Amino acid sequence: MKFLLTRRSLALRLLMLLSSIVGRCVLAADGPIARSDSDAKYLHHIDLYDVDNRKITAESTRPYSPRNTCGRCHDYETISHGWHFNAFDSTAYSGRDGEPWIWTDARTATQLPLTYRDWTHSFHPDQAGLSAWAMTQKFGARIPGGGLGEPEGEAAETGRWNLTGAMEIDCLACHAVDGVYDMNARREQIEKQNFSFAPTAALRLGQVSGDVSRIKDGSDPTDDAVKKKLPTITYDARKFSIDGTMFIDLVRQPTSNACYQCHSQRTVGADGIDQRWMHDEDVHLRAGMDCVDCHRNGIDHDIVRGFEGQTHADVTAIETLSCTGCHLGTDGDAVVSSLSGRLGSPKPLHEGLPPVHFEKLSCTACHSGPVPREEAIRMMTSLAHGLGEKGHRTGSELPAMLANVFKPGADGRVHPHKAMWPAYWATMQEDGSLQPIDPESVYQWTRKSLRVRKDFVEEVKADEFAAKVSAALAAIEKETSSTSAVYVSSGKVYAIDRENEDSLRELDSFDPADVGMIAWPMAHNVRPAGWSLGVKGCTECHADDGLIFASTVTPIGPVDGDGEKITMASLQGVDHFERMAWNQMFSGRATFKYFIGGSIALLGGVLIVGLGLLGYRLQRNVNA
Amino acid sequence: MMKFIDRFLTLALVVVVIVLTVTAMPSLAGEPLHGRILMAHMAASGAMVFLLPAYAIIGLIRMSQNAASSTLRTIGFWGLVATGLLTIATVFACMLPIASTDQMHSLILLHGLAGYATAVAAIVMIVGMLPKKAT
């Protein structure tokens with residue numbers, strides 16, 4: 001009997017194992033990742049799931065979770081490694097220099113460039129004592145979530161994460177159709193530190209109440225008193241269908257409008273922010289293209305940044321998604337993926353332009369950025385200036401950012417750059433390097449000494465600058481128990497003058513990486529060919545006033561620099577006398593062409609006469 | 001006088017060809033000319049544009065007067081004129097807003113080949129001008 005039971009039990013177990021294997025195979029064949037494999041739009045009438053992975057109904061009070069909702073059919077883990085989601089990941093591949101996160105605080109005249117990426121510029125947030133949570137809170141409105149915004153394990157229980165919740169990748173920030181996703185509603189929730197409610201509020205699925213920013217540090221979210229203060233949502237029942245699903249209107253390829261939420265930029269002229277109707281936009285967009293026509297990605301969301309030499313999971317596939325790749329093709333033109341002319345892009349002939357220019361200049365040097373002027377102009381970007389939020393901007397808001405700055409990029413060629421000079425409070429280390437101080441701490445420590453309500457630049461007059469900054473530095477030294485507090489702005493380093501406590505002294509000999517200009521290449525807007533540099537001829541650049549060399553950029557920050565202009569030629573390391581010599585040569589180039597033409601004519605004439613002479617002599621020899 | 005002009009032009013032309021050849025050397029390594037080397041190359045080529053036609057005309061006059069000349073020198077002379085013409089013509093084509101980048105690459109390649117051929121022709125001509133050993 002026992003034997004039979006054992007046999008039966010064994011058979012049962014085998015059956016269970018078999019069914020389990022078959023079940024897994026079926027699941028693997030179907031897979032957790034769903035695809036429509038059609039060019040047609042797939043309508044998403046779907047169930048929403050909350051952060052606790054429970055199906056959302058009209059009575060639910062918890063926010064919807066993109067991870068638990070979208071991740072049911074789409075590979076959230078793979079997506080989470082994408083370029084937009086690893087901005088806060090120090091271990092992610094850094095790629096070419098880009099725009100840093102600029103921690104701006106007008107009250108303390110701070111514009112501190114930060115990045116987790118291993119770029120040639122900016123400070124790592126850890127250097128300034130800024131936690132992942134602080135970075136998420138400060139810049140969360142400009143990142144689509146993921147990365148350090150989604151701490152796991154113990155990290156998720158520390159600091160304020162257990163109150164704010166995680167900031168998951170908000171798929172619909174990019175994939176919702178125009179008019180569905182409210183970026184400002186999202187910003188509002190992030191400012192209130194209601195991180196996990198941001199995706200729900202942005203879709204306007206209901207009314208969010210509660211404000212985590214009003215809850216004290218160290219509060220226990222399981223405490224009943226705290227629970228009452230935590231945000232909740234009242235879902236709009238009209239959003240649900242009869243079957244309990246919800247229609248989410250989304251697109252596979254994000255529209256340019258979605259990109260503009262974080263990637264808009266404005267130029268600032270003498271009269272303030274240049275008006276939009278005066279600008280013609282990027283020539284590609286005017287031609288009917290969308291951002292994602294070039295900046296493509298697969299499910300890994302490893303987006304094509306569009307510059308030559310980008311390290312990418314699929315190098316071949318992105319070869320023709322750069323300026324040269326698309327317009328000129330690549331060397332392996334026998335392969336379809338190397339052919340030029342994608343999307344009907346014209347092949348530029350560059351008639352008469354010596355090819356050495358392509359060794360010295362990037363495409364963008366002549367074709368991109370604001371039309372070059374004698375002096376680099378101020379620019380504003382979504383990431384740095386919160387474009388897209390309702391506000392009353394004048395164009396003079398911090399951070400002070402300038403373009404075009406024509407300097408060599410990592411590939412040695414000249415690229416147009418955006419640039420800025422860091423401004424921050426720091427302590428000087430024994431090795432002479434500067435360690436930035438957490439800007440929030442600076443504000444707390446210097447409130448009484450600076451006495452700035454909103455804007456340091458407007459409220460601190462020139463004649464009280466030294467006294468106030470000196471007092472602020474003294475306050476910082478008191479708090480940090482150091483004697484080496486400094487303030488950095490426009491490339492200058494200020495410290496307390498020990499002989500006169502109300503005065504400042506300027507320190508020198510600092511690492512330019514700590515106090516000097518930081519710059520990153522820019523590629524947009526691309527101007528039409530007729531507006532490119534050099535279209536008027538050689539002397540548009542090869543002249544004493546050629547803007548690519550002679551235009552200037554002046555260090556600018558909350559505090560005026562010494563006003564000393566820096567020429568682009570000096571940034572490019574071009575020898576002044578050599579440039580002057582070239583300019584002299586090019587000034588006579590047009591005339592010289594006539595001499596060359598004459599020379600060719602004379603040499604041709606001599607050859608013809610010589611041939612005639614040869615024929616005559618041969619004839620004479622034959623006759624003799 | 002003609003002899004003096006001929007010798008002066010020959011010397012000047014040889015110097016210019018040497019400068020042009022030396023400054024063009026980086027191109028053998030596939031490097032495009034730039035910076036001061038390119039400037040020196042262009043300055044020397046400016047001199048070439050004036051010297052070569054003058055030398056060609058003087059040489060033609062000399063030949064038309066049936067002056068005694070070695071075969072090597074004659075070959076060198078006409079080689080210099082022909083390849084020099086090609087060298088100048090290819091760079092002239094590059095200076096006009098006509099050639100595309102691809103065409104310009106071809107012209108520059110041709111310019112380099114013609115330039116090196118000019119150097120060879122100059123050597124042939126110089127060898128032809130050397131006095132023969134007494135037998």
# chains A, B, ... in the order shown; residues from 1 in each chain; ligands from 1

call {"tool": "residues_around", "arguments": {"residues": "region 427-443 of chain A", "least_positions_apart": "3", "cutoff": "8 Å", "atoms": "only C-alpha atoms", "output": "list in words"}}
result
Trp103, Asp105, Arg107, Thr108, Thr110, Gln127, Ala128, Gly129, Leu130, Tyr424, Thr446, Arg447, Ile476, Ser482, Ser484, Ala485, Val486, Phe510, Asp511 and Asp514 of chain A

call {"tool": "closest_atom_pairs", "arguments": {"of": "chain B", "to": "chain A", "cutoff": "7 Å", "atoms": "only C-alpha atoms", "output": "Markdown table"}}
result
| residue | atom | partner | partner_atom | distance |
| --- | --- | --- | --- | --- |
| B:Pro32 | CA | A:Val356 | CA | 6.5 |
| B:Val49 | CA | A:Ser599 | CA | 5.9 |
| B:Phe50 | CA | A:Ser599 | CA | 6.8 |
| B:Pro53 | CA | A:Leu603 | CA | 5.5 |
| B:Ala56 | CA | A:Val606 | CA | 6.6 |
| B:Ile57 | CA | A:Val606 | CA | 6.5 |
| B:Leu60 | CA | A:Gly610 | CA | 7.0 |
| B:Val81 | CA | A:Leu603 | CA | 6.7 |
| B:Leu85 | CA | A:Leu603 | CA | 6.1 |
| B:Ile88 | CA | A:Ile600 | CA | 7.0 |
| B:Ala89 | CA | A:Ile600 | CA | 6.5 |
| B:Phe92 | CA | A:Ile596 | CA | 6.8 |
| B:Cys94 | CA | A:Gly352 | CA | 5.9 |
| B:Met95 | CA | A:Gly352 | CA | 5.8 |
| B:Leu96 | CA | A:Gly352 | CA | 5.5 |
| B:Pro97 | CA | A:Gly352 | CA | 4.0 |
| B:Ile98 | CA | A:Glu351 | CA | 5.2 |
| B:Ala99 | CA | A:Glu351 | CA | 5.0 |
| B:Ser100 | CA | A:Glu351 | CA | 4.4 |
| B:Thr101 | CA | A:Leu349 | CA | 5.9 |

call {"tool": "write_last_selection", "arguments": {"atoms": "C-alpha atoms", "output": "short mmCIF file (atom, residue, chain, number, x, y, z; two decimals), in the first residue's frame"}}
result
data_model
loop_
_atom_site.label_atom_id
_atom_site.label_comp_id
_atom_site.auth_asym_id
_atom_site.auth_seq_id
_atom_site.Cartn_x
_atom_site.Cartn_y
_atom_site.Cartn_z
CA PRO B 32 45.60 66.23 -45.36
CA VAL B 49 52.38 80.00 -60.90
CA PHE B 50 54.62 82.88 -62.00
CA PRO B 53 55.29 80.06 -67.43
CA ALA B 56 58.62 77.70 -70.17
CA ILE B 57 58.67 80.76 -72.44
CA LEU B 60 60.85 77.68 -75.73
CA VAL B 81 55.90 72.10 -68.38
CA LEU B 85 50.41 72.62 -66.16
CA ILE B 88 48.31 74.07 -61.59
CA ALA B 89 45.16 73.24 -63.54
CA PHE B 92 42.73 75.86 -60.15
CA CYS B 94 39.57 73.10 -56.89
CA MET B 95 39.48 76.86 -56.36
CA LEU B 96 36.40 77.32 -58.50
CA PRO B 97 32.95 76.70 -57.03
CA ILE B 98 32.38 73.81 -59.39
CA ALA B 99 33.86 70.62 -58.03
CA SER B 100 31.94 68.68 -55.39
CA THR B 101 33.73 67.17 -52.41
#

call {"tool": "atom_distance", "arguments": {"atom1": "CA of Val622 (chain A)", "atom2": "CA of Ser70 (chain B)"}}
result
21.5 Å

call {"tool": "atom_distance", "arguments": {"atom1": "CA of Ala475 (chain A)", "atom2": "CA of Leu114 (chain A)"}}
result
24.4 Å

call {"tool": "select_by_dssp", "arguments": {"residues": "region 352-467 of chain A", "states": "helix (DSSP H, G or I)", "output": "PyMOL selection string"}}
result
chain A and resi 356-360+363-367+382-385+439-450+456-459+462-467

call {"tool": "residues_around", "arguments": {"residues": "Asp178 (chain A)", "least_positions_apart": "3", "cutoff": "9 Å", "atoms": "only C-alpha atoms", "output": "MDAnalysis selection string"}}
result
chainID A and resid 175 181 250 255 257:258

call {"tool": "atom_distance", "arguments": {"atom1": "CA of Ile61 (chain B)", "atom2": "CA of Phe77 (chain B)"}}
result
12.6 Å

call {"tool": "select_by_dssp", "arguments": {"residues": "region 435-583 of chain A", "states": "strand (DSSP E)", "output": "short mmCIF file (atom, residue, chain, number, x, y, z; two decimals) with N, CA and C atoms, in the first residue's frame"}}
result
data_model
loop_
_atom_site.label_atom_id
_atom_site.label_comp_id
_atom_site.auth_asym_id
_atom_site.auth_seq_id
_atom_site.Cartn_x
_atom_site.Cartn_y
_atom_site.Cartn_z
N GLN A 435 35.55 72.15 -3.21
CA GLN A 435 34.44 71.21 -2.95
C GLN A 435 33.16 72.00 -2.79
N PRO A 436 32.24 71.89 -3.75
CA PRO A 436 30.99 72.66 -3.64
C PRO A 436 30.20 72.24 -2.40
N ALA A 485 36.34 78.97 3.09
CA ALA A 485 35.13 79.09 2.27
C ALA A 485 35.37 80.10 1.15
N VAL A 486 34.85 79.78 -0.01
CA VAL A 486 35.00 80.67 -1.17
C VAL A 486 33.69 80.74 -1.94
N TYR A 487 33.58 81.80 -2.72
CA TYR A 487 32.46 81.91 -3.64
C TYR A 487 33.04 82.03 -5.05
N VAL A 488 32.49 81.26 -5.97
CA VAL A 488 32.99 81.22 -7.34
C VAL A 488 31.94 81.79 -8.27
N SER A 489 32.36 82.68 -9.15
CA SER A 489 31.45 83.19 -10.18
C SER A 489 32.26 83.77 -11.33
N LYS A 492 35.96 83.66 -11.39
CA LYS A 492 36.70 84.26 -10.28
C LYS A 492 36.39 83.54 -8.98
N VAL A 493 37.37 83.53 -8.08
CA VAL A 493 37.19 82.88 -6.78
C VAL A 493 37.38 83.94 -5.70
N TYR A 494 36.32 84.13 -4.90
CA TYR A 494 36.36 85.15 -3.85
C TYR A 494 36.49 84.49 -2.47
N ALA A 495 37.33 85.09 -1.63
CA ALA A 495 37.48 84.63 -0.24
C ALA A 495 37.48 85.86 0.66
N ILE A 496 37.32 85.62 1.95
CA ILE A 496 37.31 86.73 2.90
C ILE A 496 38.71 87.35 2.95
N LEU A 504 36.59 91.44 0.26
CA LEU A 504 36.90 90.17 -0.38
C LEU A 504 38.25 90.26 -1.08
N ARG A 505 38.87 89.12 -1.20
CA ARG A 505 40.07 89.09 -2.04
C ARG A 505 39.87 88.01 -3.09
N GLU A 506 40.45 88.24 -4.25
CA GLU A 506 40.32 87.27 -5.33
C GLU A 506 41.49 86.30 -5.27
N LEU A 507 41.18 85.04 -5.31
CA LEU A 507 42.23 84.02 -5.31
C LEU A 507 42.48 83.60 -6.75
N ILE A 518 32.52 75.87 -18.72
CA ILE A 518 32.19 74.50 -19.13
C ILE A 518 31.32 74.61 -20.38
N ALA A 519 31.51 73.69 -21.29
CA ALA A 519 30.81 73.78 -22.58
C ALA A 519 30.44 72.40 -23.06
N TRP A 520 29.38 72.33 -23.82
CA TRP A 520 28.94 71.06 -24.39
C TRP A 520 28.41 71.34 -25.79
N PRO A 521 28.68 70.39 -26.70
CA PRO A 521 28.29 70.64 -28.09
C PRO A 521 26.79 70.75 -28.29
N THR A 552 33.31 86.55 -29.97
CA THR A 552 33.82 86.44 -28.61
C THR A 552 32.75 85.92 -27.65
N VAL A 553 33.22 85.46 -26.51
CA VAL A 553 32.32 85.08 -25.43
C VAL A 553 32.89 85.69 -24.15
N ILE A 566 36.73 86.61 -24.62
CA ILE A 566 37.57 85.50 -25.08
C ILE A 566 37.20 85.24 -26.54
N THR A 567 38.21 85.24 -27.41
CA THR A 567 37.89 85.00 -28.82
C THR A 567 37.79 83.50 -29.07
#

call {"tool": "residues_around", "arguments": {"residues": "Gly76 (chain B)", "least_positions_apart": "5", "cutoff": "10 Å", "atoms": "only C-alpha atoms", "output": "list of chain:residue names"}}
result
B:Ser70, B:Thr71, B:Val81, B:Ala82, B:Thr118, B:Ala119, B:Val120, B:Ala121, B:Ala122, B:Ile123, B:Val124, B:Met125, B:Ile126, B:Val127, B:Gly128, B:Met129

call {"tool": "write_last_selection", "arguments": {"atoms": "N, CA, C and O atoms", "output": "compact mmCIF listing (two decimals), in the first residue's frame"}}
result
# COMPACT_ATOMS: atom_id res chain seq x y z
N SER B 70 70.88 68.70 -74.11
CA SER B 70 70.86 67.23 -74.04
C SER B 70 69.42 66.73 -74.13
O SER B 70 68.47 67.47 -73.84
N THR B 71 69.31 65.47 -74.54
CA THR B 71 67.96 64.88 -74.66
C THR B 71 67.27 64.84 -73.30
O THR B 71 66.08 65.13 -73.18
N VAL B 81 56.97 71.22 -67.90
CA VAL B 81 55.90 72.10 -68.38
C VAL B 81 54.55 71.36 -68.36
O VAL B 81 53.54 71.89 -67.87
N ALA B 82 54.56 70.12 -68.86
CA ALA B 82 53.29 69.37 -68.96
C ALA B 82 52.74 69.03 -67.58
O ALA B 82 51.55 69.26 -67.28
N THR B 118 56.06 66.23 -61.43
CA THR B 118 56.80 67.47 -61.69
C THR B 118 58.18 67.40 -61.03
O THR B 118 59.19 67.80 -61.62
N ALA B 119 58.21 66.87 -59.81
CA ALA B 119 59.48 66.73 -59.09
C ALA B 119 60.41 65.79 -59.86
O ALA B 119 61.62 66.07 -60.01
N VAL B 120 59.84 64.70 -60.38
CA VAL B 120 60.66 63.75 -61.15
C VAL B 120 61.19 64.42 -62.41
O VAL B 120 62.37 64.30 -62.76
N ALA B 121 60.30 65.17 -63.07
CA ALA B 121 60.71 65.86 -64.30
C ALA B 121 61.82 66.87 -64.00
O ALA B 121 62.77 67.02 -64.80
N ALA B 122 61.71 67.54 -62.86
CA ALA B 122 62.73 68.52 -62.48
C ALA B 122 64.07 67.82 -62.27
O ALA B 122 65.13 68.33 -62.69
N ILE B 123 64.02 66.63 -61.66
CA ILE B 123 65.27 65.88 -61.43
C ILE B 123 65.88 65.47 -62.77
O ILE B 123 67.09 65.63 -63.00
N VAL B 124 65.03 64.98 -63.68
CA VAL B 124 65.51 64.58 -65.01
C VAL B 124 66.16 65.76 -65.71
O VAL B 124 67.25 65.66 -66.31
N MET B 125 65.51 66.91 -65.61
CA MET B 125 66.03 68.11 -66.27
C MET B 125 67.38 68.52 -65.67
O MET B 125 68.33 68.85 -66.40
N ILE B 126 67.49 68.46 -64.35
CA ILE B 126 68.74 68.84 -63.68
C ILE B 126 69.86 67.89 -64.08
O ILE B 126 70.99 68.32 -64.39
N VAL B 127 69.53 66.60 -64.10
CA VAL B 127 70.54 65.61 -64.50
C VAL B 127 71.00 65.91 -65.92
O VAL B 127 72.18 65.85 -66.26
N GLY B 128 70.04 66.26 -66.76
CA GLY B 128 70.36 66.58 -68.16
C GLY B 128 71.22 67.83 -68.29
O GLY B 128 71.91 68.02 -69.29
N MET B 129 71.15 68.68 -67.31
CA MET B 129 71.91 69.94 -67.37
C MET B 129 73.33 69.77 -66.84
O MET B 129 74.17 70.66 -67.01

call {"tool": "residues_around", "arguments": {"residues": "region 35-44 of chain B", "least_positions_apart": "3", "cutoff": "7 Å", "atoms": "only C-alpha atoms", "output": "MDAnalysis selection string"}}
result
chainID B and resid 16 19:20 23 47:48

call {"tool": "residues_around", "arguments": {"residues": "Leu383 (chain A)", "least_positions_apart": "3", "cutoff": "10 Å", "atoms": "only C-alpha atoms", "output": "PyMOL selection string"}}
result
chain A and resi 99-102+139+141-143+261-265+380+386-388

call {"tool": "write_last_selection", "arguments": {"atoms": "N, CA, C and O atoms", "output": "mmCIF file, in the first residue's frame"}}
result
data_model
loop_
_atom_site.group_PDB
_atom_site.id
_atom_site.type_symbol
_atom_site.label_atom_id
_atom_site.label_comp_id
_atom_site.auth_asym_id
_atom_site.auth_seq_id
_atom_site.Cartn_x
_atom_site.Cartn_y
_atom_site.Cartn_z
ATOM 1 N N GLU A 99 24.429 68.524 -21.899
ATOM 2 C CA GLU A 99 24.059 69.584 -20.959
ATOM 3 C C GLU A 99 23.964 69.013 -19.545
ATOM 4 O O GLU A 99 23.294 68.002 -19.326
ATOM 5 N N PRO A 100 24.634 69.651 -18.581
ATOM 6 C CA PRO A 100 24.565 69.145 -17.210
ATOM 7 C C PRO A 100 23.252 69.545 -16.542
ATOM 8 O O PRO A 100 22.500 70.372 -17.067
ATOM 9 N N TRP A 101 23.009 68.944 -15.399
ATOM 10 C CA TRP A 101 21.926 69.423 -14.534
ATOM 11 C C TRP A 101 22.478 70.635 -13.805
ATOM 12 O O TRP A 101 23.491 70.521 -13.112
ATOM 13 N N ILE A 102 21.856 71.771 -13.966
ATOM 14 C CA ILE A 102 22.405 72.986 -13.350
ATOM 15 C C ILE A 102 21.538 73.349 -12.150
ATOM 16 O O ILE A 102 20.385 73.775 -12.307
ATOM 17 N N PHE A 139 15.327 67.957 -9.928
ATOM 18 C CA PHE A 139 15.274 67.851 -11.391
ATOM 19 C C PHE A 139 14.225 66.866 -11.904
ATOM 20 O O PHE A 139 14.149 66.618 -13.103
ATOM 21 N N ALA A 141 11.208 67.016 -12.415
ATOM 22 C CA ALA A 141 10.232 67.515 -13.385
ATOM 23 C C ALA A 141 10.786 67.480 -14.797
ATOM 24 O O ALA A 141 10.055 67.659 -15.761
ATOM 25 N N ARG A 142 12.091 67.275 -14.910
ATOM 26 C CA ARG A 142 12.714 67.299 -16.248
ATOM 27 C C ARG A 142 13.286 65.955 -16.641
ATOM 28 O O ARG A 142 14.010 65.860 -17.626
ATOM 29 N N ILE A 143 13.048 64.926 -15.847
ATOM 30 C CA ILE A 143 13.472 63.584 -16.253
ATOM 31 C C ILE A 143 12.241 62.681 -16.242
ATOM 32 O O ILE A 143 11.314 62.886 -15.465
ATOM 33 N N GLN A 261 9.027 69.234 -24.493
ATOM 34 C CA GLN A 261 8.776 69.455 -23.062
ATOM 35 C C GLN A 261 10.088 69.618 -22.303
ATOM 36 O O GLN A 261 10.180 70.379 -21.348
ATOM 37 N N CYS A 262 11.098 68.905 -22.733
ATOM 38 C CA CYS A 262 12.395 68.979 -22.039
ATOM 39 C C CYS A 262 13.513 69.479 -22.939
ATOM 40 O O CYS A 262 14.630 69.709 -22.471
ATOM 41 N N HIS A 263 13.246 69.627 -24.230
ATOM 42 C CA HIS A 263 14.331 69.982 -25.148
ATOM 43 C C HIS A 263 14.022 71.224 -25.979
ATOM 44 O O HIS A 263 14.408 71.298 -27.141
ATOM 45 N N SER A 264 13.333 72.173 -25.396
ATOM 46 C CA SER A 264 13.140 73.452 -26.079
ATOM 47 C C SER A 264 14.309 74.359 -25.739
ATOM 48 O O SER A 264 14.992 74.166 -24.725
ATOM 49 N N GLN A 265 14.533 75.338 -26.568
ATOM 50 C CA GLN A 265 15.542 76.343 -26.246
ATOM 51 C C GLN A 265 15.138 77.673 -26.871
ATOM 52 O O GLN A 265 14.446 77.709 -27.885
ATOM 53 N N MET A 380 18.408 80.020 -23.369
ATOM 54 C CA MET A 380 17.660 79.367 -22.299
ATOM 55 C C MET A 380 17.237 77.985 -22.795
ATOM 56 O O MET A 380 16.920 77.819 -23.973
ATOM 57 N N GLY A 386 13.585 75.618 -17.105
ATOM 58 C CA GLY A 386 12.200 75.189 -16.891
ATOM 59 C C GLY A 386 11.244 75.718 -17.941
ATOM 60 O O GLY A 386 10.078 76.007 -17.624
ATOM 61 N N LEU A 387 11.723 75.843 -19.182
ATOM 62 C CA LEU A 387 10.804 76.291 -20.236
ATOM 63 C C LEU A 387 9.650 75.298 -20.308
ATOM 64 O O LEU A 387 9.847 74.107 -20.189
ATOM 65 N N GLY A 388 8.490 75.810 -20.522
ATOM 66 C CA GLY A 388 7.302 74.946 -20.535
ATOM 67 C C GLY A 388 6.426 75.225 -19.331
ATOM 68 O O GLY A 388 5.211 75.054 -19.384
#

call {"tool": "closest_residue", "arguments": {"among": "A:Tyr49, A:Phe123, A:Tyr76, A:Tyr616", "to": "Glu168 (chain A)", "atoms": "only C-alpha atoms"}}
result
A:Tyr76
